[in-house]
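**Q** Here you go, this is start_13.pdb (PDB, C-alpha atoms).
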```
ATOM      1  CA  MET A  21     -18.388   4.833 -16.879
ATOM      2  CA  SER A  22     -16.714   1.426 -16.595
ATOM      3  CA  TYR A  23     -13.452   0.602 -14.852
ATOM      4  CA  ALA A  24     -11.337  -2.449 -15.626
ATOM      5  CA  PHE A  25     -10.361  -4.979 -12.961
ATOM      6  CA  PRO A  26      -8.479  -8.303 -13.026
ATOM      7  CA  PRO A  27     -10.558 -10.994 -14.753
ATOM      8  CA  GLY A  28      -9.660 -13.926 -12.480
ATOM      9  CA  GLY A  29     -10.642 -17.368 -13.714
ATOM     10  CA  LEU A  30      -8.257 -19.363 -15.892
ATOM     11  CA  PRO A  31      -7.616 -19.257 -19.654
ATOM     12  CA  GLU A  32      -8.684 -22.194 -21.801
ATOM     13  CA  MET A  33      -6.186 -25.049 -21.756
ATOM     14  CA  ASP A  34      -5.452 -24.629 -25.471
ATOM     15  CA  ALA A  35      -4.493 -20.964 -25.036
ATOM     16  CA  SER A  36      -0.878 -20.086 -25.817
ATOM     17  CA  PRO A  37       1.196 -19.196 -22.735
ATOM     18  CA  GLU A  38       3.215 -16.765 -24.830
ATOM     19  CA  GLY A  39       1.940 -13.289 -24.071
ATOM     20  CA  ARG A  40       2.748  -9.626 -23.475
ATOM     21  CA  ALA A  41       4.066  -9.843 -19.899
ATOM     22  CA  ARG A  42       7.443  -8.166 -19.463
ATOM     23  CA  PHE A  43       9.830  -7.486 -16.609
ATOM     24  CA  THR A  44      12.884  -5.397 -17.465
ATOM     25  CA  GLU A  45      15.456  -3.292 -15.653
ATOM     26  CA  ALA A  46      13.310  -0.169 -16.193
ATOM     27  CA  TYR A  47       9.678  -1.269 -16.322
ATOM     28  CA  ALA A  48       7.228  -4.144 -15.996
ATOM     29  CA  VAL A  49       3.986  -4.894 -17.829
ATOM     30  CA  LEU A  50       1.412  -7.194 -16.213
ATOM     31  CA  PRO A  51      -1.306  -7.783 -18.827
ATOM     32  CA  ALA A  52      -4.844  -8.375 -17.614
ATOM     33  CA  ASN A  53      -4.592 -11.927 -18.968
ATOM     34  CA  THR A  54      -1.973 -12.746 -16.305
ATOM     35  CA  MET A  55      -4.221 -11.712 -13.391
ATOM     36  CA  ARG A  56      -5.862 -15.073 -12.737
ATOM     37  CA  ASP A  57      -7.140 -16.973  -9.712
ATOM     38  CA  ILE A  58      -3.861 -18.826  -9.103
ATOM     39  CA  VAL A  59      -1.860 -15.628  -8.520
ATOM     40  CA  THR A  60      -4.103 -14.093  -5.851
ATOM     41  CA  SER A  61      -3.194 -13.682  -2.189
ATOM     42  CA  LEU A  62      -5.299 -13.795   0.956
ATOM     43  CA  LEU A  63      -4.740 -10.903   3.347
ATOM     44  CA  PRO A  64      -4.539 -11.168   7.168
ATOM     45  CA  GLY A  65      -7.359  -9.214   8.791
ATOM     46  CA  TRP A  66      -9.631  -9.499   5.736
ATOM     47  CA  GLU A  67     -12.609 -11.831   5.384
ATOM     48  CA  ALA A  68     -13.927 -13.271   2.089
ATOM     49  CA  THR A  69     -11.300 -11.286   0.207
ATOM     50  CA  ARG A  70      -8.573 -11.973  -2.307
ATOM     51  CA  ALA A  71      -5.998  -9.623  -3.778
ATOM     52  CA  TRP A  72      -3.760  -9.347  -6.794
ATOM     53  CA  VAL A  73      -0.475  -7.748  -5.700
ATOM     54  CA  LEU A  74       0.578  -5.726  -8.737
ATOM     55  CA  ALA A  75       3.522  -3.789  -7.309
ATOM     56  CA  ARG A  76       5.680  -3.945  -4.212
ATOM     57  CA  PRO A  77       8.885  -2.142  -3.221
ATOM     58  CA  LEU A  78      11.901  -3.807  -4.848
ATOM     59  CA  SER A  79      15.443  -2.617  -4.171
ATOM     60  CA  GLY A  80      16.960  -1.294  -7.387
ATOM     61  CA  PHE A  81      13.580  -1.014  -9.125
ATOM     62  CA  ALA A  82      10.546   0.943  -7.848
ATOM     63  CA  GLU A  83      10.745   1.428  -4.097
ATOM     64  CA  THR A  84       8.064   3.839  -2.899
ATOM     65  CA  PHE A  85       4.738   2.013  -3.059
ATOM     66  CA  ALA A  86       2.632  -1.139  -3.226
ATOM     67  CA  GLN A  87      -0.462  -1.542  -5.381
ATOM     68  CA  TYR A  88      -3.203  -4.160  -5.037
ATOM     69  CA  ALA A  89      -6.438  -5.034  -6.789
ATOM     70  CA  VAL A  90      -8.734  -6.242  -3.985
ATOM     71  CA  GLU A  91     -11.922  -8.238  -4.523
ATOM     72  CA  VAL A  92     -14.284  -8.497  -1.539
ATOM     73  CA  GLN A  93     -17.166 -10.964  -1.659
ATOM     74  CA  PRO A  94     -20.625  -9.851  -0.424
ATOM     75  CA  GLY A  95     -20.537  -9.509   3.345
ATOM     76  CA  GLY A  96     -16.741  -9.611   3.427
ATOM     77  CA  GLY A  97     -14.229  -6.926   4.262
ATOM     78  CA  SER A  98     -12.032  -5.822   7.142
ATOM     79  CA  ASP A  99     -12.146  -3.956  10.429
ATOM     80  CA  THR A 100      -8.310  -3.927  10.512
ATOM     81  CA  PRO A 101      -7.240  -3.534   6.883
ATOM     82  CA  GLU A 102      -3.841  -1.835   7.284
ATOM     83  CA  PRO A 103      -1.095  -3.545   9.328
ATOM     84  CA  ASP A 104       1.492  -0.741   8.967
ATOM     85  CA  PRO A 105       0.842   2.344  11.157
ATOM     86  CA  GLN A 106       3.084   4.437   8.876
ATOM     87  CA  ALA A 107       1.165   3.548   5.713
ATOM     88  CA  GLN A 108      -1.237   5.932   4.010
ATOM     89  CA  ALA A 109      -3.637   4.655   1.385
ATOM     90  CA  SER A 110      -5.680   5.483  -1.672
ATOM     91  CA  LEU A 111      -8.734   3.441  -2.647
ATOM     92  CA  PHE A 112     -10.488   3.582  -6.019
ATOM     93  CA  VAL A 113     -13.685   1.584  -6.539
ATOM     94  CA  ALA A 114     -13.930  -0.249  -9.865
ATOM     95  CA  ALA A 115     -17.137  -2.263  -9.311
ATOM     96  CA  GLY A 116     -19.704  -3.232  -6.698
ATOM     97  CA  SER A 117     -20.843  -1.335  -3.630
ATOM     98  CA  GLY A 118     -19.412  -1.036  -0.157
ATOM     99  CA  ARG A 119     -19.184   0.952   3.012
ATOM    100  CA  LEU A 120     -15.990   2.685   4.100
ATOM    101  CA  THR A 121     -15.878   3.865   7.706
ATOM    102  CA  VAL A 122     -13.188   6.449   8.508
ATOM    103  CA  GLU A 123     -12.702   7.343  12.171
ATOM    104  CA  GLY A 124     -16.337   6.368  12.808
ATOM    105  CA  ARG A 125     -17.826   8.217   9.823
ATOM    106  CA  ALA A 126     -19.470   5.996   7.178
ATOM    107  CA  HIS A 127     -19.229   6.542   3.427
ATOM    108  CA  ASP A 128     -21.241   4.479   0.939
ATOM    109  CA  LEU A 129     -19.093   3.544  -2.035
ATOM    110  CA  GLU A 130     -19.949   2.953  -5.685
ATOM    111  CA  PRO A 131     -17.824   2.648  -8.830
ATOM    112  CA  GLY A 132     -15.786   5.821  -9.342
ATOM    113  CA  HIS A 133     -15.365   6.682  -5.656
ATOM    114  CA  TYR A 134     -11.879   7.616  -4.436
ATOM    115  CA  ALA A 135     -10.697   7.769  -0.833
ATOM    116  CA  TYR A 136      -7.476   9.086   0.674
ATOM    117  CA  LEU A 137      -6.583   7.700   4.122
ATOM    118  CA  PRO A 138      -3.649   9.223   6.038
ATOM    119  CA  ALA A 139      -1.186   7.119   7.986
ATOM    120  CA  GLY A 140      -2.548   6.139  11.381
ATOM    121  CA  THR A 141      -6.186   6.516  10.321
ATOM    122  CA  HIS A 142      -8.622   3.961  11.740
ATOM    123  CA  TRP A 143     -10.669   2.728   8.795
ATOM    124  CA  GLN A 144     -12.874  -0.215   7.911
ATOM    125  CA  ILE A 145     -14.319  -1.431   4.630
ATOM    126  CA  HIS A 146     -17.015  -3.983   3.779
ATOM    127  CA  ALA A 147     -18.883  -5.120   0.684
ATOM    128  CA  THR A 148     -22.586  -4.285   0.996
ATOM    129  CA  GLY A 149     -24.079  -5.333  -2.338
ATOM    130  CA  GLU A 150     -24.958  -8.611  -4.002
ATOM    131  CA  ALA A 151     -21.878  -8.532  -6.241
ATOM    132  CA  PRO A 152     -18.200  -8.410  -5.203
ATOM    133  CA  LEU A 153     -16.680  -5.072  -4.270
ATOM    134  CA  GLN A 154     -13.617  -4.496  -6.469
ATOM    135  CA  VAL A 155     -11.148  -1.874  -5.282
ATOM    136  CA  HIS A 156      -7.735  -0.644  -6.370
ATOM    137  CA  TRP A 157      -5.609  -0.068  -3.246
ATOM    138  CA  ILE A 158      -2.343   1.890  -3.217
ATOM    139  CA  ARG A 159      -0.168   1.921  -0.075
ATOM    140  CA  LYS A 160       2.821   4.140   0.742
ATOM    141  CA  ARG A 161       4.613   5.002   3.956
ATOM    142  CA  TYR A 162       4.145   8.702   4.643
ATOM    143  CA  ASP A 163       7.246  10.861   4.244
ATOM    144  CA  PRO A 164       6.745  13.868   6.566
ATOM    145  CA  ALA A 165       8.329  17.215   5.724
ATOM    146  CA  PRO A 166       9.477  19.926   8.178
ATOM    147  CA  GLY A 167       6.790  22.502   8.861
ATOM    148  CA  LEU A 168       4.031  20.543   7.108
ATOM    149  CA  SER A 169       1.218  18.687   8.802
ATOM    150  CA  ALA A 170      -0.173  15.492   7.308
ATOM    151  CA  PRO A 171      -3.220  15.879   5.055
ATOM    152  CA  GLY A 172      -6.628  14.742   6.271
ATOM    153  CA  ALA A 173      -8.807  11.934   5.010
ATOM    154  CA  PHE A 174     -11.338  12.585   2.253
ATOM    155  CA  VAL A 175     -13.753  10.696   0.013
ATOM    156  CA  LEU A 176     -15.052  11.950  -3.341
ATOM    157  CA  HIS A 177     -16.294  10.701  -6.695
ATOM    158  CA  GLU A 178     -14.453  11.124  -9.961
ATOM    159  CA  ARG A 179     -17.486  12.806 -11.558
ATOM    160  CA  ASP A 180     -16.891  15.695  -9.139
ATOM    161  CA  VAL A 181     -13.233  16.070 -10.158
ATOM    162  CA  PRO A 182     -12.659  18.327 -13.191
ATOM    163  CA  LEU A 183     -10.739  17.086 -16.201
ATOM    164  CA  ASN A 184      -7.896  19.574 -16.631
ATOM    165  CA  MET A 185      -6.562  19.570 -20.182
ATOM    166  CA  MET A 186      -2.854  19.910 -20.848
ATOM    167  CA  PRO A 187      -1.846  23.242 -22.429
ATOM    168  CA  GLY A 188      -2.474  23.431 -26.160
ATOM    169  CA  THR A 189      -4.578  20.273 -26.492
ATOM    170  CA  GLU A 190      -8.137  19.038 -26.022
ATOM    171  CA  LYS A 191      -7.097  15.384 -26.240
ATOM    172  CA  TRP A 192      -5.020  14.859 -23.077
ATOM    173  CA  GLY A 193      -6.235  15.721 -19.601
ATOM    174  CA  THR A 194      -5.902  14.754 -15.937
ATOM    175  CA  GLN A 195      -8.330  14.481 -13.034
ATOM    176  CA  ARG A 196      -6.386  15.231  -9.860
ATOM    177  CA  PHE A 197      -7.860  13.869  -6.640
ATOM    178  CA  ALA A 198      -5.493  15.993  -4.525
ATOM    179  CA  ASP A 199      -4.494  19.623  -5.089
ATOM    180  CA  PRO A 200      -1.117  19.444  -6.902
ATOM    181  CA  ASN A 201      -0.003  22.591  -5.050
ATOM    182  CA  ASP A 202      -0.628  21.076  -1.610
ATOM    183  CA  LEU A 203       2.836  20.067  -0.413
ATOM    184  CA  ARG A 204       1.434  18.002   2.450
ATOM    185  CA  PHE A 205       0.885  15.167  -0.033
ATOM    186  CA  ASP A 206       3.938  13.058  -0.852
ATOM    187  CA  TYR A 207       2.210  11.168  -3.666
ATOM    188  CA  HIS A 208      -0.616  11.719  -6.116
ATOM    189  CA  VAL A 209      -3.198   9.405  -7.608
ATOM    190  CA  ASN A 210      -4.824  10.773 -10.761
ATOM    191  CA  ILE A 211      -6.952   9.559 -13.652
ATOM    192  CA  VAL A 212      -5.335  10.404 -16.986
ATOM    193  CA  THR A 213      -7.527  10.511 -20.103
ATOM    194  CA  PHE A 214      -6.541  10.583 -23.775
ATOM    195  CA  GLN A 215      -9.149  11.009 -26.481
ATOM    196  CA  PRO A 216      -8.597   8.828 -29.570
ATOM    197  CA  GLY A 217      -5.475  10.058 -31.314
ATOM    198  CA  GLY A 218      -4.259  11.918 -28.227
ATOM    199  CA  ARG A 219      -0.668  11.498 -27.248
ATOM    200  CA  ILE A 220       2.205  12.412 -24.977
ATOM    201  CA  PRO A 221       4.290  14.171 -27.653
ATOM    202  CA  PHE A 222       7.678  13.623 -25.998
ATOM    203  CA  ALA A 223       9.373  10.896 -23.988
ATOM    204  CA  GLU A 224       8.718  11.864 -20.356
ATOM    205  CA  THR A 225      11.844  11.098 -18.325
ATOM    206  CA  HIS A 226      11.633  12.008 -14.645
ATOM    207  CA  VAL A 227      12.342  11.022 -11.055
ATOM    208  CA  MET A 228       8.792   9.912 -10.185
ATOM    209  CA  GLU A 229       7.997   6.209  -9.998
ATOM    210  CA  HIS A 230       4.736   5.124 -11.592
ATOM    211  CA  GLY A 231       2.001   2.563 -11.311
ATOM    212  CA  LEU A 232      -0.449   2.791 -14.242
ATOM    213  CA  TYR A 233      -3.589   0.627 -14.275
ATOM    214  CA  VAL A 234      -5.517   0.871 -17.543
ATOM    215  CA  LEU A 235      -9.196   1.493 -16.784
ATOM    216  CA  GLN A 236     -10.494   1.820 -20.337
ATOM    217  CA  GLY A 237      -9.411   1.921 -23.978
ATOM    218  CA  GLN A 238      -6.338   1.040 -26.010
ATOM    219  CA  ALA A 239      -2.967   2.673 -26.549
ATOM    220  CA  ASN A 240       0.523   2.194 -27.846
ATOM    221  CA  TYR A 241       2.774   3.034 -24.884
ATOM    222  CA  LEU A 242       6.508   3.784 -24.950
ATOM    223  CA  LEU A 243       8.352   2.185 -22.026
ATOM    224  CA  ASN A 244      12.084   2.858 -22.028
ATOM    225  CA  ARG A 245      13.041   1.755 -25.592
ATOM    226  CA  ASP A 246       9.967  -0.387 -26.319
ATOM    227  CA  TRP A 247       6.519   0.381 -27.714
ATOM    228  CA  VAL A 248       3.925  -1.845 -26.012
ATOM    229  CA  GLU A 249       0.231  -2.325 -26.878
ATOM    230  CA  VAL A 250      -1.890  -1.969 -23.728
ATOM    231  CA  GLY A 251      -5.607  -2.188 -22.982
ATOM    232  CA  PRO A 252      -8.191  -2.528 -20.194
ATOM    233  CA  GLY A 253      -6.871  -4.224 -17.072
ATOM    234  CA  ASP A 254      -3.198  -4.025 -18.041
ATOM    235  CA  PHE A 255      -0.781  -2.704 -15.407
ATOM    236  CA  MET A 256       2.483  -0.844 -16.062
ATOM    237  CA  TRP A 257       5.118  -0.384 -13.386
ATOM    238  CA  LEU A 258       7.910   2.154 -14.032
ATOM    239  CA  ARG A 259      11.044   2.897 -12.053
ATOM    240  CA  ALA A 260      12.467   6.418 -11.826
ATOM    241  CA  PHE A 261      13.749   7.940 -15.077
ATOM    242  CA  CYS A 262      12.146   5.332 -17.339
ATOM    243  CA  PRO A 263      11.226   7.187 -20.570
ATOM    244  CA  GLN A 264       7.529   7.007 -21.395
ATOM    245  CA  ALA A 265       5.096   8.292 -24.000
ATOM    246  CA  CYS A 266       1.622   7.363 -25.222
ATOM    247  CA  ILE A 267      -0.481   7.306 -28.389
ATOM    248  CA  ALA A 268      -4.174   6.553 -27.785
ATOM    249  CA  GLU A 269      -5.769   4.231 -30.330
ATOM    250  CA  GLY A 270      -9.239   2.926 -31.090
ATOM    251  CA  SER A 271     -12.599   4.697 -30.930
ATOM    252  CA  GLU A 272     -12.994   5.301 -27.172
ATOM    253  CA  PRO A 273     -11.000   7.266 -24.581
ATOM    254  CA  PHE A 274      -7.863   5.693 -23.150
ATOM    255  CA  ARG A 275      -7.879   6.131 -19.345
ATOM    256  CA  TYR A 276      -5.598   4.942 -16.579
ATOM    257  CA  LEU A 277      -5.230   5.269 -12.823
ATOM    258  CA  LEU A 278      -1.817   6.810 -12.159
ATOM    259  CA  TYR A 279       0.392   6.721  -9.043
ATOM    260  CA  LYS A 280       3.457   8.944  -8.694
ATOM    261  CA  ASP A 281       5.593  10.084  -5.749
ATOM    262  CA  VAL A 282       5.982  13.883  -5.496
ATOM    263  CA  ASN A 283       6.833  16.918  -3.348
ATOM    264  CA  ARG A 284       9.825  15.677  -1.364
ATOM    265  CA  HIS A 285      13.591  16.236  -1.433
ATOM    266  CA  VAL A 286      15.675  13.322  -2.637
ATOM    267  CA  PRO A 287      17.165  11.542   0.400
ATOM    268  CA  LEU A 288      20.964  11.444   0.387
ATOM    269  CA  GLY A 289      23.425   8.980   1.826
ATOM    270  CA  LEU A 290      21.163   5.944   1.506
ATOM    271  CA  TYR A 291      24.050   3.588   0.865
ATOM    272  CA  GLU A 292      26.632   4.863   3.357
TER     273      GLU A 292
END
```
As structure tokens, please, write out the structure in this file.

**A**
Amino acid sequence: MSYAFPPGGLPEMDASPEGRARFTEAYAVLPANTMRDIVTSLLPGWEATRAWVLARPLSGFAETFAQYAVEVQPGGGSDTPEPDPQAQASLFVAAGSGRLTVEGRAHDLEPGHYAYLPAGTHWQIHATGEAPLQVHWIRKRYDPAPGLSAPGAFVLHERDVPLNMMPGTEKWGTQRFADPNDLRFDYHVNIVTFQPGGRIPFAETHVMEHGLYVLQGQANYLLNRDWVEVGPGDFMWLRAFCPQACIAEGSEPFRYLLYKDVNRHVPLGLYE
């Protein structure tokens, strides 16, 4: 299994700057071709590391999460990766090898590993191989709910997570890293897979915000009123109630890493 990641580098100087990048009132598309060296950030507390910041809370747009693509050079990493004590995290390894230490317990990472790290967890991560460690990192402040404790940390591999097909189809399924019935979680990160020709057969329109990073394959994706061609390494960022649908194209599965906020009442009186 392969997992896309930002290409870095720089396009040839004769390449056209006109491309597929879009930022609208309802959604944004960051094509892989826009994720180059000159748009990376260095992160305090991290050594030999650069990051593409793909999403951040924006008032009036998507407000619940931040999403990074983090590239750690061999020997690099962090003993103090998270500056916000209220932030929980999900990590998904796209390439390379590393070691994640959670409250003193070490986990060796390879492509396809997923980790959930609750707010306040002491964790460390370092690249251990000869190639860079490439990790997708999603951050969200935990929203506690009355009578519910926070979930615990866990690490697993996607090969151990079943692909649950949607009712009535064998072409659209989801691997859920957290139990969807566990109300302790206030967000989910899943891998969604469409076989060639698979589709979302209606325009989903819902309260959840989304970050979608395309891991593999090609699709024609409906975002609000627009159909957009997307492929490996493209990122889609959707605010609440943005209509969306998908038609998978090509000869291989279309797969993406999906963030969505779930399981909490809508806060009222935000603007009083």

**Q** To verify the selection step, state as JSON, numbers by chain which residues the PyMOL selection byres ((chain A and resi 204) around 6) yields on this input.

**A** {"A": [168, 170, 171, 202, 203, 205]}

**Q** Okay, now the selection with C-alpha atoms, as a PDB file, keeping the file's coordinate frame?

**A**
```
ATOM      1  CA  LEU A 168       4.031  20.543   7.108  1.00  0.00           C
ATOM      2  CA  ALA A 170      -0.173  15.492   7.308  1.00  0.00           C
ATOM      3  CA  PRO A 171      -3.220  15.879   5.055  1.00  0.00           C
ATOM      4  CA  ASP A 202      -0.628  21.076  -1.610  1.00  0.00           C
ATOM      5  CA  LEU A 203       2.836  20.067  -0.413  1.00  0.00           C
ATOM      6  CA  PHE A 205       0.885  15.167  -0.033  1.00  0.00           C
TER       7      PHE A 205
END
```

**Q** Closest to Pro263 (chain A) among A:Tyr134, A:Ala46, A:His285, A:Gln87, using all atoms listed in the file?

**A**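 That would be A:Ala46, the residue with the smallest distance to Pro263 (chain A).
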
**Q** Would you please work out which residue, of A:Tyr276, A:Arg159, A:Pro187, A:Ile211, is nearest to Thr84 (chain A) when using only C-alpha atoms?

**A**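 For Thr84 (chain A), the nearest of the candidates is A:Arg159.
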
**Q** To one decimal in Å, tell me the separation between CA of Leu277 (chain A) and CA of Ala198 (chain A).

**A**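 Result for CA of Leu277 (chain A) versus CA of Ala198 (chain A): 13.6 Å, one decimal.
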
**Q** Starting from the displayed file, determine the output of the PyMOL selection byres ((chain A and resi 268) around 8) and express the residue list as a JSON list (two decimals) with C-alpha atoms, in the coordinates of the input.

**A**
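Result file part_34.json:
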```json
[["chain", "number", "residue", "atom", "x", "y", "z"],
["A", 214, "PHE", "CA", -6.54, 10.58, -23.78],
["A", 215, "GLN", "CA", -9.15, 11.01, -26.48],
["A", 216, "PRO", "CA", -8.60, 8.83, -29.57],
["A", 217, "GLY", "CA", -5.48, 10.06, -31.31],
["A", 218, "GLY", "CA", -4.26, 11.92, -28.23],
["A", 219, "ARG", "CA", -0.67, 11.50, -27.25],
["A", 237, "GLY", "CA", -9.41, 1.92, -23.98],
["A", 238, "GLN", "CA", -6.34, 1.04, -26.01],
["A", 239, "ALA", "CA", -2.97, 2.67, -26.55],
["A", 240, "ASN", "CA", 0.52, 2.19, -27.85],
["A", 266, "CYS", "CA", 1.62, 7.36, -25.22],
["A", 267, "ILE", "CA", -0.48, 7.31, -28.39],
["A", 269, "GLU", "CA", -5.77, 4.23, -30.33],
["A", 270, "GLY", "CA", -9.24, 2.93, -31.09],
["A", 273, "PRO", "CA", -11.00, 7.27, -24.58],
["A", 274, "PHE", "CA", -7.86, 5.69, -23.15]]
```

**Q** So that I can check the surroundings of Ala223 (chain A), please list as a list in words every protein, DNA and RNA residue that reaches within 7 Å of it, counting only C-alpha atoms and ignoring chain neighbours fewer than 2 positions away.

**A**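 Non-adjacent residues within range: Thr225, Pro263, Gln264 and Ala265 of chain A.
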
**Q** Starting from the incomplete input, reconstruct N, CA, C and O atoms of region 76-90 of chain A and write that as a compact mmCIF listing (two decimals), keeping the file's coordinate frame.

**A**
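Final output, saved to out13.txt:
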```
# COMPACT_ATOMS: atom_id res chain seq x y z
N ARG A 76 5.17 -3.99 -5.57
CA ARG A 76 5.68 -3.94 -4.21
C ARG A 76 7.07 -3.34 -4.26
O ARG A 76 7.75 -3.40 -5.30
N PRO A 77 7.54 -2.70 -3.19
CA PRO A 77 8.88 -2.14 -3.22
C PRO A 77 9.93 -3.22 -3.52
O PRO A 77 9.92 -4.29 -2.92
N LEU A 78 10.79 -2.93 -4.49
CA LEU A 78 11.90 -3.81 -4.85
C LEU A 78 13.17 -2.98 -4.90
O LEU A 78 13.24 -1.98 -5.63
N SER A 79 14.18 -3.35 -4.16
CA SER A 79 15.44 -2.62 -4.17
C SER A 79 16.02 -2.61 -5.58
O SER A 79 16.09 -3.64 -6.25
N GLY A 80 16.41 -1.43 -6.06
CA GLY A 80 16.96 -1.29 -7.39
C GLY A 80 15.93 -1.16 -8.48
O GLY A 80 16.28 -1.04 -9.65
N PHE A 81 14.63 -1.17 -8.10
CA PHE A 81 13.58 -1.01 -9.12
C PHE A 81 12.69 0.15 -8.70
O PHE A 81 13.14 1.28 -8.66
N ALA A 82 11.44 -0.09 -8.39
CA ALA A 82 10.55 0.94 -7.85
C ALA A 82 10.38 0.66 -6.36
O ALA A 82 10.07 -0.46 -5.97
N GLU A 83 10.58 1.67 -5.52
CA GLU A 83 10.74 1.43 -4.10
C GLU A 83 9.76 2.16 -3.20
O GLU A 83 9.80 1.98 -1.99
N THR A 84 8.84 2.96 -3.77
CA THR A 84 8.06 3.84 -2.90
C THR A 84 6.69 3.31 -2.52
O THR A 84 6.09 3.81 -1.57
N PHE A 85 6.16 2.30 -3.24
CA PHE A 85 4.74 2.01 -3.06
C PHE A 85 4.43 0.54 -3.31
O PHE A 85 5.21 -0.19 -3.90
N ALA A 86 3.22 0.15 -2.86
CA ALA A 86 2.63 -1.14 -3.23
C ALA A 86 1.26 -0.87 -3.82
O ALA A 86 0.59 0.10 -3.44
N GLN A 87 0.84 -1.71 -4.76
CA GLN A 87 -0.46 -1.54 -5.38
C GLN A 87 -1.14 -2.89 -5.49
O GLN A 87 -0.55 -3.87 -5.97
N TYR A 88 -2.40 -2.94 -5.03
CA TYR A 88 -3.20 -4.16 -5.04
C TYR A 88 -4.48 -3.91 -5.83
O TYR A 88 -4.98 -2.79 -5.92
N ALA A 89 -5.05 -5.01 -6.35
CA ALA A 89 -6.44 -5.03 -6.79
C ALA A 89 -7.15 -5.99 -5.84
O ALA A 89 -6.81 -7.17 -5.78
N VAL A 90 -8.11 -5.49 -5.08
CA VAL A 90 -8.73 -6.24 -3.98
C VAL A 90 -10.19 -6.55 -4.34
O VAL A 90 -10.95 -5.63 -4.70
```
